[in-house]
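Undergrad: Take a look at the following structure, please.
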Amino acid sequence: VAPVITLTTDFGMADAYTASIKGVILSLNPKAFIIDICHTIEPQNVLQAAFILSTACTYFPEGTIHLAVVDPGVGSRRKAIILKTPAAFFVAPDNGILSYIIDEQGRTPGKPARHMPAIAEPRKLPPALEAVAITNPEYWHHPVSSTFHGRDIFAPVAAHLSLGVSLHKFGERLNQVNVFNIPRPYKNAHGDLVGRVLHIDIFGNLITNIRNSDLPAKKVSLAICKQHIHGISRFYAGTKGLAAIMGSSGYLEISLRNDSAAAFLGAKVGYEVRLEG
Amino acid sequence: VAPVITLTTDFGMADAYTASIKGVILSLNPKAFIIDICHTIEPQNVLQAAFILSTACTYFPEGTIHLAVVDPGVGSRRKAIILKTPAAFFVAPDNGILSYIIDEQGRTPGKPARHMPAIAEPRKLPPALEAVAITNPEYWHHPVSSTFHGRDIFAPVAAHLSLGVSLHKFGERLNQVNVFNIPRPYKNAHGDLVGRVLHIDIFGNLITNIRNSDLPAKKVSLAICKQHIHGISRFYAGTKGLAAIMGSSGYLEISLRNDSAAAFLGAKVGYEVRLEG
Amino acid sequence: VAPVITLTTDFGMADAYTASIKGVILSLNPKAFIIDICHTIEPQNVLQAAFILSTACTYFPEGTIHLAVVDPGVGSRRKAIILKTPAAFFVAPDNGILSYIIDEQGRTPGKPARHMPAIAEPRKLPPALEAVAITNPEYWHHPVSSTFHGRDIFAPVAAHLSLGVSLHKFGERLNQVNVFNIPRPYKNAHGDLVGRVLHIDIFGNLITNIRNSDLPAKKVSLAICKQHIHGISRFYAGTKGLAAIMGSSGYLEISLRNDSAAAFLGAKVGYEVRLEG
């Protein structure tokens, strides 16, 4: 079976950058199946890439290799890593781009974050995960540029992984990697559940951090940007104006039929949404 | 030979939606060749998707599976269908997105439509075509969301088709499906041939419903938006200002050298074009 | 091994054009691996396509077939050609789109160009290269339209090449092809090295024609659009304001941290950059 390698980058498709990555991979493994997840991540928006990667990767075959390169620190001393989960491999800079993946595997109760995090901080890996620092230049494309590790380090490492090179050959084991503390919903003093907008999709739907399991059994009312939404709709057809929908990725979403909820509300990533009790 | 599965959607490439569809397909059939036809259909513009799909699909290998998901009615009671033509399979909502395909196979003289259709209406299938309703959940990706059947129903059905599952296993046979009544050119009282703009491409070329076989033998003059074009050019190089060209898909096109004819004329899909007799 | 065919065009991905090319290729060679280099070349900007193709193609496997169709002269008497280099095949109109490829293989000292070239002019091929005119209709897709040779001539020729049809079967050998005279840096009367902006990438980075080997040993100061930059940085992280960086394709680049240098400077392709001695 041809190994699948996915790509998530902010390189766009208007220059030679993304194609060069594909060329390097195919030069090493001509049987690799390269699938684009997204190349239009906002330049250097690591948190956006983290969200998109985590919602897409779930649907790929076991053993898929996910290359994720949104890398403002390229050339500096930030680490490059491979993360192995029970389902897949991730090849990426150690800058928080794998936060949702790691969070999912190592959900701990702890104190919920109340704001979108500004920086990724070291976190001990949960037991189901393994990581190595990419340090062995044997698996790189030489000469290594100082501005395009996507092509010169991450791509050849992904290709070698797809050829069966074992994890520990790429570098030393890591016990911790950098993770953004993704906000979780919490109860405020009034007993409301307070969530946040994690992501705004291309249609202007607001995807919040509230999951099905977070919802109370009774009928809910939802507040965002001083607007109120009553009840949760099952699908778009038939809704009018703003609607709350349990979205396809398992998160509560706020939508505006045939229009952008984000533009209508003036909402941004990190904005508060309140489920009123 | 690896079976080809094409994708035509309005999901864009900026989120995880399109990638999730690809992941689901590859999880079921790792040998599928997935080819993007277009993911930037205007949100919910079923008629635009119908045109683009029909002009692209002609060029694909026999047996290709075309997945087309522009699906404003997702989650409601609209049907999901598989259409089998002598050349290919189509997996899509039953909302008119296959209108040109069906029209092509079942051209009947009848009364020509004079306007762009607002809704798709049930039509009996021509004998060369077969259709089934997608109702057998055995071939779906569970749990099925109520907002993303592209990923949860259409993608796994296409993958199973590519693995050789036979048509009738997916659901019961349908005798009619919903089709837009695509306008055809007609003669007006003055003997002019009246056509319509079916599609405006990314360059602003206006693609009309007038075909080579519709053209009179003598030299034609063409009127649109109060502008007149004399004669039909063979190719772009050498034309000046507005030109009429027999386009690469077999439809008469109106172009503006190095510029957008649509913007210049203020023309939209559905606008009238007159071949003066 | 599946042969790789890359695509570089100005057809976009919003219509059926690019997909039709892929369909034609897969109909002839279902095992072809089709990789998009770029489909968003500015309409008819042959020089931009030439630059992007040349920086991407270096990274693809030996024997890759590169299809490049930015073709303002389609249908007129411009030739269609196949170029064979020691590393790859190129299938393209003979309009200068292969200028960087040919330049690279046949670097001659000569008089350096001082401006961006307006037209491609015939040049004798260097000995390492071979070219044929595509004239044998046996390898085309019929009927051949007069406006879309990408689909009807270039795509099937690339597919047949990938199936092993030998070069001379497609048409007669050519001794010269059309090439833009790409500007090279030169010393002005003050001893400054004068280069030009060859390309502006999607991030607004200015990519110049100055290479590492052109740089003086001592520390340089760089002038563009009346702004001065002192020294060359190794990578983006840590730079402030405008920075000069030896870019990942081996050309000196001018960048603005987290912003577009092109927009900030009002710079365009062809603008002068001076390394002060």
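FYI, nothing fancy with the structure tokens labels: chains A, B, ... in order, residues from 1 per chain, ligands from 1 as they appear.
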Given a cut-off of 8 Å, which residues of chain A touch chain B, counting only C-alpha atoms, written out as a short mmCIF file (atom, residue, chain, number, x, y, z; two decimals) with N, CA, C and O atoms, in the first residue's frame?
TA:
```cif
data_model
loop_
_atom_site.label_atom_id
_atom_site.label_comp_id
_atom_site.auth_asym_id
_atom_site.auth_seq_id
_atom_site.Cartn_x
_atom_site.Cartn_y
_atom_site.Cartn_z
N VAL A 1 0.84 -1.22 0.00
CA VAL A 1 0.00 0.00 0.00
C VAL A 1 0.87 1.26 0.00
O VAL A 1 1.83 1.35 0.75
N ALA A 2 0.51 2.19 -0.83
CA ALA A 2 1.26 3.45 -0.89
C ALA A 2 1.05 4.23 0.38
O ALA A 2 -0.07 4.44 0.81
N ILE A 35 -1.12 14.19 -0.10
CA ILE A 35 -2.44 14.80 -0.04
C ILE A 35 -2.32 16.16 0.64
O ILE A 35 -1.75 16.27 1.72
N ASP A 36 -2.85 17.19 -0.01
CA ASP A 36 -2.85 18.53 0.59
C ASP A 36 -3.97 18.63 1.63
O ASP A 36 -5.13 18.40 1.29
N ILE A 37 -3.62 18.93 2.85
CA ILE A 37 -4.69 19.30 3.79
C ILE A 37 -5.01 20.77 3.59
O ILE A 37 -6.12 21.14 3.25
N CYS A 38 -4.02 21.63 3.71
CA CYS A 38 -4.26 23.06 3.54
C CYS A 38 -2.93 23.76 3.35
O CYS A 38 -1.97 23.48 4.07
N HIS A 39 -2.84 24.65 2.38
CA HIS A 39 -1.63 25.45 2.20
C HIS A 39 -1.91 26.94 2.39
O HIS A 39 -1.03 27.76 2.17
N THR A 40 -3.13 27.26 2.79
CA THR A 40 -3.48 28.67 2.94
C THR A 40 -3.72 29.04 4.40
O THR A 40 -4.54 29.90 4.71
N ILE A 41 -2.98 28.36 5.30
CA ILE A 41 -2.94 28.83 6.68
C ILE A 41 -2.47 30.29 6.64
O ILE A 41 -1.59 30.63 5.85
N ILE A 52 -6.81 23.02 12.22
CA ILE A 52 -7.18 22.39 10.94
C ILE A 52 -6.56 20.99 10.84
O ILE A 52 -7.22 20.02 10.48
N LEU A 53 -5.28 20.90 11.16
CA LEU A 53 -4.61 19.60 11.12
C LEU A 53 -5.33 18.59 12.00
O LEU A 53 -5.58 17.44 11.60
N THR A 55 -8.44 18.46 13.03
CA THR A 55 -9.76 18.00 12.60
C THR A 55 -9.67 17.14 11.35
O THR A 55 -10.49 16.25 11.14
N ALA A 56 -8.65 17.37 10.51
CA ALA A 56 -8.52 16.55 9.29
C ALA A 56 -7.89 15.20 9.58
O ALA A 56 -8.30 14.17 9.02
N CYS A 57 -6.89 15.15 10.45
CA CYS A 57 -6.04 13.96 10.54
C CYS A 57 -6.78 12.71 10.99
O CYS A 57 -6.43 11.60 10.63
N THR A 58 -7.83 12.93 11.78
CA THR A 58 -8.67 11.84 12.27
C THR A 58 -9.17 10.92 11.16
O THR A 58 -9.45 9.75 11.40
N TYR A 59 -9.35 11.46 9.96
CA TYR A 59 -10.02 10.71 8.90
C TYR A 59 -9.05 9.98 7.98
O TYR A 59 -9.48 9.31 7.05
N PHE A 60 -7.76 10.08 8.26
CA PHE A 60 -6.78 9.45 7.37
C PHE A 60 -6.43 8.04 7.84
O PHE A 60 -6.62 7.69 9.00
N PRO A 61 -5.92 7.22 6.92
CA PRO A 61 -5.59 5.84 7.26
C PRO A 61 -4.57 5.76 8.39
O PRO A 61 -3.74 6.66 8.55
N GLU A 62 -4.61 4.68 9.15
CA GLU A 62 -3.62 4.45 10.19
C GLU A 62 -2.22 4.48 9.57
O GLU A 62 -2.01 3.95 8.48
N ASP A 201 -14.21 29.26 10.11
CA ASP A 201 -13.91 28.61 8.83
C ASP A 201 -14.14 29.57 7.67
O ASP A 201 -14.53 30.72 7.84
N ILE A 202 -13.86 29.09 6.46
CA ILE A 202 -13.89 29.94 5.27
C ILE A 202 -15.29 30.50 5.00
O ILE A 202 -15.44 31.53 4.36
N ARG A 234 -30.34 21.02 14.04
CA ARG A 234 -29.67 19.80 13.61
C ARG A 234 -28.89 19.99 12.32
O ARG A 234 -27.87 19.35 12.09
N PHE A 235 -29.39 20.84 11.42
CA PHE A 235 -28.67 21.08 10.16
C PHE A 235 -29.00 22.47 9.65
O PHE A 235 -29.83 23.17 10.23
N TYR A 236 -28.32 22.88 8.58
CA TYR A 236 -28.44 24.26 8.09
C TYR A 236 -29.81 24.55 7.49
O TYR A 236 -30.43 25.57 7.76
N ALA A 237 -30.28 23.62 6.59
CA ALA A 237 -31.53 23.85 5.88
C ALA A 237 -32.64 24.12 6.88
O ALA A 237 -32.80 23.38 7.86
N GLY A 247 -21.54 20.80 15.16
CA GLY A 247 -20.83 20.71 13.88
C GLY A 247 -20.24 19.34 13.61
O GLY A 247 -20.21 18.46 14.47
N SER A 248 -19.73 19.19 12.40
CA SER A 248 -19.29 17.90 11.92
C SER A 248 -17.99 17.43 12.58
O SER A 248 -17.61 16.28 12.47
N ASN A 258 -26.56 30.96 4.76
CA ASN A 258 -26.14 31.61 3.51
C ASN A 258 -25.28 32.85 3.71
O ASN A 258 -25.21 33.69 2.82
#
```
Undergrad: Report the residues of stretch 24-144 of chain B whose backbone DSSP state falls under alpha helix (DSSP H), written as a list in words.
TA: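 Taking stretch 24-144 of chain B and keeping alpha helix (DSSP H) gives Val24, Ile25, Leu26, Ser27, Leu28, Val46, Leu47, Gln48, Ala49, Ala50, Phe51, Ile52, Leu53, Ser54, Thr55, Ala56, Cys57, Ser99, Tyr100, Ile101, Ile102, Asp103, Glu104 and Gln105 of chain B.
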Undergrad: Keeping only N, CA, C and O atoms, take the residues you just selected and write them out as a short mmCIF file (atom, residue, chain, number, x, y, z; two decimals), in the first residue's frame.
TA:
```cif
data_model
loop_
_atom_site.label_atom_id
_atom_site.label_comp_id
_atom_site.auth_asym_id
_atom_site.auth_seq_id
_atom_site.Cartn_x
_atom_site.Cartn_y
_atom_site.Cartn_z
N VAL B 24 -11.15 9.96 4.28
CA VAL B 24 -12.16 8.90 4.35
C VAL B 24 -12.03 7.97 3.15
O VAL B 24 -12.06 6.74 3.27
N ILE B 25 -11.85 8.54 1.97
CA ILE B 25 -11.70 7.72 0.76
C ILE B 25 -10.46 6.83 0.86
O ILE B 25 -10.52 5.62 0.64
N LEU B 26 -9.32 7.43 1.23
CA LEU B 26 -8.07 6.66 1.29
C LEU B 26 -8.08 5.63 2.41
O LEU B 26 -7.39 4.61 2.32
N SER B 27 -8.83 5.89 3.47
CA SER B 27 -8.93 4.90 4.55
C SER B 27 -9.62 3.64 4.06
O SER B 27 -9.31 2.53 4.50
N LEU B 28 -10.57 3.80 3.13
CA LEU B 28 -11.29 2.64 2.59
C LEU B 28 -10.57 2.05 1.38
O LEU B 28 -10.53 0.84 1.20
N VAL B 46 -25.38 25.37 -7.06
CA VAL B 46 -25.50 24.02 -7.64
C VAL B 46 -25.37 24.07 -9.16
O VAL B 46 -24.73 23.21 -9.78
N LEU B 47 -25.94 25.11 -9.78
CA LEU B 47 -25.92 25.24 -11.23
C LEU B 47 -24.49 25.43 -11.75
O LEU B 47 -24.11 24.89 -12.80
N GLN B 48 -23.68 26.19 -11.03
CA GLN B 48 -22.29 26.40 -11.43
C GLN B 48 -21.50 25.08 -11.34
O GLN B 48 -20.75 24.73 -12.25
N ALA B 49 -21.72 24.36 -10.26
CA ALA B 49 -21.06 23.06 -10.10
C ALA B 49 -21.47 22.12 -11.22
O ALA B 49 -20.65 21.38 -11.78
N ALA B 50 -22.75 22.16 -11.57
CA ALA B 50 -23.28 21.27 -12.61
C ALA B 50 -22.55 21.52 -13.93
O ALA B 50 -22.17 20.58 -14.64
N PHE B 51 -22.34 22.79 -14.26
CA PHE B 51 -21.67 23.13 -15.52
C PHE B 51 -20.22 22.68 -15.50
O PHE B 51 -19.73 22.04 -16.44
N ILE B 52 -19.50 23.02 -14.45
CA ILE B 52 -18.06 22.70 -14.38
C ILE B 52 -17.84 21.18 -14.40
O ILE B 52 -17.00 20.66 -15.13
N LEU B 53 -18.62 20.48 -13.60
CA LEU B 53 -18.50 19.02 -13.58
C LEU B 53 -18.72 18.42 -14.97
O LEU B 53 -17.95 17.56 -15.41
N SER B 54 -19.74 18.92 -15.66
CA SER B 54 -20.07 18.31 -16.96
C SER B 54 -19.00 18.59 -18.01
O SER B 54 -18.75 17.76 -18.88
N THR B 55 -18.34 19.76 -17.94
CA THR B 55 -17.31 20.02 -18.95
C THR B 55 -16.01 19.28 -18.62
O THR B 55 -15.27 18.91 -19.51
N ALA B 56 -15.75 19.02 -17.35
CA ALA B 56 -14.52 18.30 -16.99
C ALA B 56 -14.67 16.79 -17.17
O ALA B 56 -13.74 16.12 -17.64
N CYS B 57 -15.81 16.24 -16.83
CA CYS B 57 -15.91 14.78 -16.68
C CYS B 57 -15.69 14.03 -17.99
O CYS B 57 -15.20 12.90 -17.99
N SER B 99 -27.49 17.85 -13.76
CA SER B 99 -28.41 18.23 -14.84
C SER B 99 -27.79 18.14 -16.23
O SER B 99 -28.40 17.61 -17.15
N TYR B 100 -26.58 18.68 -16.39
CA TYR B 100 -25.98 18.67 -17.72
C TYR B 100 -25.65 17.24 -18.16
O TYR B 100 -25.74 16.90 -19.33
N ILE B 101 -25.22 16.41 -17.22
CA ILE B 101 -24.90 15.01 -17.52
C ILE B 101 -26.15 14.31 -18.04
O ILE B 101 -26.11 13.63 -19.07
N ILE B 102 -27.25 14.49 -17.35
CA ILE B 102 -28.49 13.82 -17.71
C ILE B 102 -29.05 14.39 -19.01
O ILE B 102 -29.49 13.67 -19.90
N ASP B 103 -28.96 15.69 -19.14
CA ASP B 103 -29.42 16.39 -20.34
C ASP B 103 -28.70 15.88 -21.59
O ASP B 103 -29.31 15.63 -22.62
N GLU B 104 -27.40 15.73 -21.44
CA GLU B 104 -26.55 15.29 -22.53
C GLU B 104 -26.95 13.90 -23.02
O GLU B 104 -26.91 13.59 -24.20
N GLN B 105 -27.30 13.06 -22.04
CA GLN B 105 -27.63 11.67 -22.36
C GLN B 105 -29.07 11.54 -22.84
O GLN B 105 -29.42 10.57 -23.48
#
```
Undergrad: Determine which residues of stretch 14-164 of chain C receive a DSSP assignment of strand (DSSP E), computed from the backbone, and state them as number ranges by chain.
TA: C: 33-38, 64-69, 80-84, 88-93, 121-124, 130-133
Undergrad: Write to file, as a short mmCIF file (atom, residue, chain, number, x, y, z; two decimals), in the first residue's frame, the residues of the selection just made, with C-alpha atoms.
TA:
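Result written to out.cif:
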```cif
data_model
loop_
_atom_site.label_atom_id
_atom_site.label_comp_id
_atom_site.auth_asym_id
_atom_site.auth_seq_id
_atom_site.Cartn_x
_atom_site.Cartn_y
_atom_site.Cartn_z
CA PHE C 33 1.40 10.82 -10.73
CA ILE C 34 0.16 14.32 -11.44
CA ILE C 35 1.58 17.06 -9.23
CA ASP C 36 0.46 20.69 -9.35
CA ILE C 37 3.33 23.13 -9.31
CA CYS C 38 1.16 26.23 -9.74
CA THR C 64 9.95 13.93 -14.39
CA ILE C 65 7.81 15.41 -17.15
CA HIS C 66 7.01 19.08 -16.61
CA LEU C 67 3.99 20.44 -18.46
CA ALA C 68 4.03 24.25 -18.59
CA VAL C 69 1.13 26.00 -20.28
CA ALA C 80 4.84 23.71 -29.30
CA ILE C 81 7.98 21.96 -28.06
CA ILE C 82 9.45 19.22 -25.93
CA LEU C 83 12.76 20.04 -24.27
CA LYS C 84 14.89 17.24 -22.85
CA ALA C 88 13.80 16.05 -17.03
CA PHE C 89 11.38 16.65 -19.90
CA PHE C 90 9.52 19.90 -20.48
CA VAL C 91 6.39 20.11 -22.64
CA ALA C 92 5.45 23.71 -23.42
CA PRO C 93 4.77 26.40 -25.97
CA GLU C 121 14.13 35.49 -28.96
CA PRO C 122 15.57 32.47 -30.76
CA ARG C 123 18.67 31.02 -29.14
CA LYS C 124 20.80 28.07 -30.18
CA GLU C 130 17.61 18.41 -27.00
CA ALA C 131 14.34 19.78 -28.36
CA VAL C 132 11.67 18.75 -30.83
CA ALA C 133 8.74 20.61 -32.34
#
```
Undergrad: Can you work out which one of A:Leu275, A:Leu174, A:Leu7, A:Leu242 has the shortest atom-to-atom distance to A:Asp259, counting only C-alpha atoms?
TA: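 Looking only at the distances to A:Asp259, the closest residue turns out to be A:Leu242.
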